[in-house]
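Novice: Here you go, one structure.
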Amino acid sequence: MAKEYPELHLDNQLCFSVYTLSRLITQAYQPLLKALGLTYPQYLALLVLWQAEEEGSLPVPVKFLCEKLLLDTGTLTPLLKRMEVNGLVVRGRSSQDERVVQVNLTEAGLKLREQASKVPAEILCRTGLDIAQGEQIKEELSALIEQLDQA
C-alpha cells in the first residue's frame with residue numbers, strides 16, 4: 001500500500017517534535033525543582049521575579065507576569081497564592097492604582113535564587129549539549145517563535 005499522505009504522519013510533524021521536547025525538558029526539571037520545593041510554573045514565575053529584582057523593578061504587576069509567562073490571570077493567580085502560602089512572594093495592591101495587584105519577592109524567595117542558580121547548568125548537562133549548542137538552539141527557537149507570533 002502506497003503512503004499517500006506522509007505529511008500527515010505523526011513522526012513528520014514539527015509540532016509533535018516540539019511538544020515531545022517540551023514534555024521531556026519539563027520532566028528533566030522536575031526532580032531538580034522538587035528538591036527546591038517548586039513546580040515548573042513556579043520556577044518560571046520566580047525567574048521573572050529574580051530578573052525584575054536584578055533590574056530594580058520589583059514589585060511587578062500580575063499583568064506583567066501574565067504577559068511574560070503567556071498565562072492568563074485565572075491560571076497565574078492560584079500559582080501565586082501557593083507561592084505566597086509557601087513564603088516565596090507577597091501580593092499587594094499598588095499604591096498608585098488599587099486595581100493593580102503587584103507581586104514582590106520575600107527574603108525566602110530571594111534566598112532560593114542561589115540554590116536555583118545551579119539548575120540551568122544541570123539541565124544543559126542532562127541534554128548533552130555544550131553552552132554554544134544550547135545557545136544556538138535557543139536562538140533558532142526564538143526566531144521560530146517570533147515568526148509564528150507575527151503570523
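Residue names in the C-alpha cells use chain letters A, B, ... in the order shown, residue numbers from 1 in each chain, and ligand numbers from 1 in the order shown.
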Which parts of chain A does DSSP call strand (DSSP E) when run on the backbone here, written out as a PyMOL selection string?

Specialist: chain A and resi 60-61+89-93+101-105

Novice: Could you list, with a cut-off of 12 Å and counting only C-alpha atoms, the residues of range 27-55 of chain A near range 63-84 of chain A, each shown with its nearest atom pair and the distance in Å rounded to one decimal, rows sorted by chain and ascending number, as JSON lines?

Specialist:
```
{"residue": "A:Gly37", "atom": "CA", "partner": "A:Met83", "partner_atom": "CA", "distance": 10.1}
{"residue": "A:Leu38", "atom": "CA", "partner": "A:Met83", "partner_atom": "CA", "distance": 8.7}
{"residue": "A:Thr39", "atom": "CA", "partner": "A:Leu79", "partner_atom": "CA", "distance": 9.4}
{"residue": "A:Tyr40", "atom": "CA", "partner": "A:Leu79", "partner_atom": "CA", "distance": 10.6}
{"residue": "A:Pro41", "atom": "CA", "partner": "A:Leu79", "partner_atom": "CA", "distance": 7.7}
{"residue": "A:Gln42", "atom": "CA", "partner": "A:Leu79", "partner_atom": "CA", "distance": 6.8}
{"residue": "A:Tyr43", "atom": "CA", "partner": "A:Met83", "partner_atom": "CA", "distance": 10.1}
{"residue": "A:Leu44", "atom": "CA", "partner": "A:Leu69", "partner_atom": "CA", "distance": 7.3}
{"residue": "A:Ala45", "atom": "CA", "partner": "A:Leu65", "partner_atom": "CA", "distance": 7.1}
{"residue": "A:Leu46", "atom": "CA", "partner": "A:Met83", "partner_atom": "CA", "distance": 9.5}
{"residue": "A:Leu47", "atom": "CA", "partner": "A:Leu69", "partner_atom": "CA", "distance": 10.0}
{"residue": "A:Val48", "atom": "CA", "partner": "A:Leu65", "partner_atom": "CA", "distance": 7.2}
{"residue": "A:Leu49", "atom": "CA", "partner": "A:Leu65", "partner_atom": "CA", "distance": 8.3}
{"residue": "A:Trp50", "atom": "CA", "partner": "A:Leu65", "partner_atom": "CA", "distance": 11.9}
{"residue": "A:Gln51", "atom": "CA", "partner": "A:Lys68", "partner_atom": "CA", "distance": 11.6}
{"residue": "A:Ala52", "atom": "CA", "partner": "A:Leu65", "partner_atom": "CA", "distance": 10.4}
```

Novice: Just the selected residues (C-alpha atoms), exported as a tab-separated table (two decimals), in the first residue's frame, please.

Specialist:
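This went into out_4.tsv:
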```
chain	number	residue	atom	x	y	z
A	37	GLY	CA	10.09	22.78	46.73
A	38	LEU	CA	8.99	24.25	43.39
A	39	THR	CA	6.85	23.27	40.47
A	40	TYR	CA	7.97	24.12	36.95
A	41	PRO	CA	5.46	27.01	36.57
A	42	GLN	CA	6.53	28.41	39.95
A	43	TYR	CA	10.16	28.28	38.81
A	44	LEU	CA	9.27	30.22	35.66
A	45	ALA	CA	7.48	32.86	37.73
A	46	LEU	CA	10.49	33.15	40.02
A	47	LEU	CA	12.80	33.57	37.02
A	48	VAL	CA	10.79	36.64	36.01
A	49	LEU	CA	10.77	37.98	39.56
A	50	TRP	CA	14.50	37.39	40.11
A	51	GLN	CA	15.28	39.24	36.89
A	52	ALA	CA	12.99	42.09	37.92
```

Novice: Determine, counting only C-alpha atoms, which protein, DNA and RNA residues have an atom within 10 Å of an atom of range 111-120 of chain A; residues of the same chain fewer than 3 positions away are not included. Present the result as a list in words.

Specialist: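 The contact residues come out as Tyr29, Leu32, Leu33, Ala35, Leu36, Gly37, Leu38, Tyr43, Leu46, Leu47, Trp50, Leu88, Leu105, Thr106, Glu107, Ala108, Ile123, Leu124, Cys125 and Arg126 of chain A.
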
Novice: Using DSSP on the backbone coordinates, identify the residues of chain A assigned to helix (DSSP H, G or I); present them as a JSON list (two decimals) with C-alpha atoms, in the first residue's frame.

Specialist:
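And here is the file that came out, selection.json:
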```json
[["chain", "number", "residue", "atom", "x", "y", "z"],
["A", 6, "PRO", "CA", 3.26, 11.25, 4.53],
["A", 7, "GLU", "CA", 2.78, 14.90, 5.51],
["A", 8, "LEU", "CA", 0.11, 13.65, 7.92],
["A", 10, "LEU", "CA", 2.87, 11.92, 13.30],
["A", 11, "ASP", "CA", 6.64, 11.46, 13.05],
["A", 12, "ASN", "CA", 6.76, 14.06, 10.26],
["A", 14, "LEU", "CA", 7.28, 19.70, 13.67],
["A", 15, "CYS", "CA", 4.60, 20.35, 16.28],
["A", 16, "PHE", "CA", 4.92, 16.85, 17.72],
["A", 17, "SER", "CA", 8.70, 17.10, 17.95],
["A", 18, "VAL", "CA", 8.43, 20.43, 19.79],
["A", 19, "TYR", "CA", 5.67, 19.04, 22.03],
["A", 20, "THR", "CA", 7.75, 15.95, 22.87],
["A", 21, "LEU", "CA", 10.84, 18.05, 23.57],
["A", 22, "SER", "CA", 8.84, 20.37, 25.82],
["A", 23, "ARG", "CA", 7.49, 17.45, 27.84],
["A", 24, "LEU", "CA", 10.93, 15.85, 28.19],
["A", 25, "ILE", "CA", 12.60, 19.09, 29.24],
["A", 26, "THR", "CA", 9.88, 19.77, 31.79],
["A", 27, "GLN", "CA", 10.33, 16.23, 33.14],
["A", 28, "ALA", "CA", 14.09, 16.82, 33.42],
["A", 29, "TYR", "CA", 13.43, 19.90, 35.55],
["A", 30, "GLN", "CA", 11.01, 18.16, 37.92],
["A", 31, "PRO", "CA", 13.46, 16.39, 40.25],
["A", 32, "LEU", "CA", 15.72, 19.43, 40.43],
["A", 33, "LEU", "CA", 12.83, 21.72, 41.24],
["A", 34, "LYS", "CA", 11.23, 19.27, 43.64],
["A", 40, "TYR", "CA", 7.97, 24.12, 36.95],
["A", 41, "PRO", "CA", 5.46, 27.01, 36.57],
["A", 42, "GLN", "CA", 6.53, 28.41, 39.95],
["A", 43, "TYR", "CA", 10.16, 28.28, 38.81],
["A", 44, "LEU", "CA", 9.27, 30.22, 35.66],
["A", 45, "ALA", "CA", 7.48, 32.86, 37.73],
["A", 46, "LEU", "CA", 10.49, 33.15, 40.02],
["A", 47, "LEU", "CA", 12.80, 33.57, 37.02],
["A", 48, "VAL", "CA", 10.79, 36.64, 36.01],
["A", 49, "LEU", "CA", 10.77, 37.98, 39.56],
["A", 50, "TRP", "CA", 14.50, 37.39, 40.11],
["A", 51, "GLN", "CA", 15.28, 39.24, 36.89],
["A", 52, "ALA", "CA", 12.99, 42.09, 37.92],
["A", 53, "GLU", "CA", 14.82, 42.27, 41.25],
["A", 54, "GLU", "CA", 18.18, 42.48, 39.46],
["A", 62, "VAL", "CA", 0.41, 40.43, 37.94],
["A", 63, "LYS", "CA", -0.42, 41.57, 34.40],
["A", 64, "PHE", "CA", 3.32, 41.80, 33.65],
["A", 65, "LEU", "CA", 3.85, 38.24, 34.90],
["A", 66, "CYS", "CA", 0.93, 37.05, 32.79],
["A", 67, "GLU", "CA", 2.44, 38.64, 29.69],
["A", 68, "LYS", "CA", 5.94, 37.28, 30.31],
["A", 69, "LEU", "CA", 4.73, 33.75, 31.10],
["A", 73, "THR", "CA", -4.79, 35.59, 35.45],
["A", 74, "GLY", "CA", -7.04, 32.59, 36.13],
["A", 75, "THR", "CA", -4.02, 30.32, 35.82],
["A", 76, "LEU", "CA", -1.44, 32.59, 37.42],
["A", 77, "THR", "CA", -3.42, 33.69, 40.49],
["A", 78, "PRO", "CA", -3.68, 30.21, 42.10],
["A", 79, "LEU", "CA", 0.02, 29.66, 41.36],
["A", 80, "LEU", "CA", 0.92, 32.93, 43.09],
["A", 81, "LYS", "CA", -1.36, 32.10, 46.02],
["A", 82, "ARG", "CA", 0.52, 28.81, 46.55],
["A", 83, "MET", "CA", 3.83, 30.65, 46.32],
["A", 84, "GLU", "CA", 2.58, 33.17, 48.86],
["A", 85, "VAL", "CA", 1.49, 30.39, 51.25],
["A", 107, "GLU", "CA", 13.52, 37.15, 51.71],
["A", 108, "ALA", "CA", 12.96, 33.39, 51.30],
["A", 109, "GLY", "CA", 12.15, 33.90, 47.62],
["A", 110, "LEU", "CA", 15.35, 35.87, 47.15],
["A", 111, "LYS", "CA", 17.43, 33.29, 49.01],
["A", 112, "LEU", "CA", 16.08, 30.47, 46.85],
["A", 113, "ARG", "CA", 17.75, 32.11, 43.84],
["A", 114, "GLU", "CA", 21.18, 30.92, 44.99],
["A", 115, "GLN", "CA", 20.09, 27.28, 45.08],
["A", 116, "ALA", "CA", 18.20, 27.62, 41.80],
["A", 119, "VAL", "CA", 19.50, 24.32, 37.74],
["A", 120, "PRO", "CA", 20.28, 25.69, 34.23],
["A", 121, "ALA", "CA", 23.75, 24.11, 34.15],
["A", 122, "GLU", "CA", 22.36, 20.79, 35.35],
["A", 123, "ILE", "CA", 19.69, 20.83, 32.66],
["A", 124, "LEU", "CA", 22.26, 21.66, 29.98],
["A", 125, "CYS", "CA", 24.42, 18.80, 31.24],
["A", 126, "ARG", "CA", 21.47, 16.39, 31.03],
["A", 127, "THR", "CA", 20.89, 17.36, 27.40],
["A", 131, "ILE", "CA", 26.82, 26.08, 26.04],
["A", 132, "ALA", "CA", 27.27, 27.15, 22.40],
["A", 133, "GLN", "CA", 24.94, 24.41, 21.14],
["A", 134, "GLY", "CA", 22.33, 25.32, 23.74],
["A", 135, "GLU", "CA", 22.51, 29.00, 22.79],
["A", 136, "GLN", "CA", 22.23, 28.15, 19.08],
["A", 137, "ILE", "CA", 19.11, 26.04, 19.63],
["A", 138, "LYS", "CA", 17.57, 28.75, 21.81],
["A", 139, "GLU", "CA", 18.26, 31.38, 19.11],
["A", 140, "GLU", "CA", 16.63, 29.18, 16.46],
["A", 141, "LEU", "CA", 13.61, 28.54, 18.65],
["A", 142, "SER", "CA", 13.33, 32.25, 19.47],
["A", 143, "ALA", "CA", 13.38, 33.09, 15.76],
["A", 144, "LEU", "CA", 10.67, 30.49, 15.10],
["A", 145, "ILE", "CA", 8.56, 31.83, 17.98],
["A", 146, "GLU", "CA", 8.92, 35.38, 16.66],
["A", 147, "GLN", "CA", 7.99, 34.26, 13.14],
["A", 148, "LEU", "CA", 4.87, 32.46, 14.33],
["A", 149, "ASP", "CA", 3.94, 35.29, 16.68],
["A", 150, "GLN", "CA", 3.88, 37.69, 13.75]]
```

Novice: Using only C-alpha atoms, can you tell me which of A:Pro61, A:Gln13, A:Asn86, A:Tyr5 comes closest to Glu98 in chain A?

Specialist: A:Pro61

Novice: Can you tell me, as a PyMOL selection string, what residues are no more than 8 Å from Val103 in chain A when counting only C-alpha atoms, ignoring any on the same chain fewer than 6 positions away?

Specialist: chain A and resi 58-62+89-92

Novice: Have a look at CA of Leu129 in chain A and CA of Glu55 in chain A and let me know their distance in Å, one decimal.

Specialist: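 The value is 29.4 Å.
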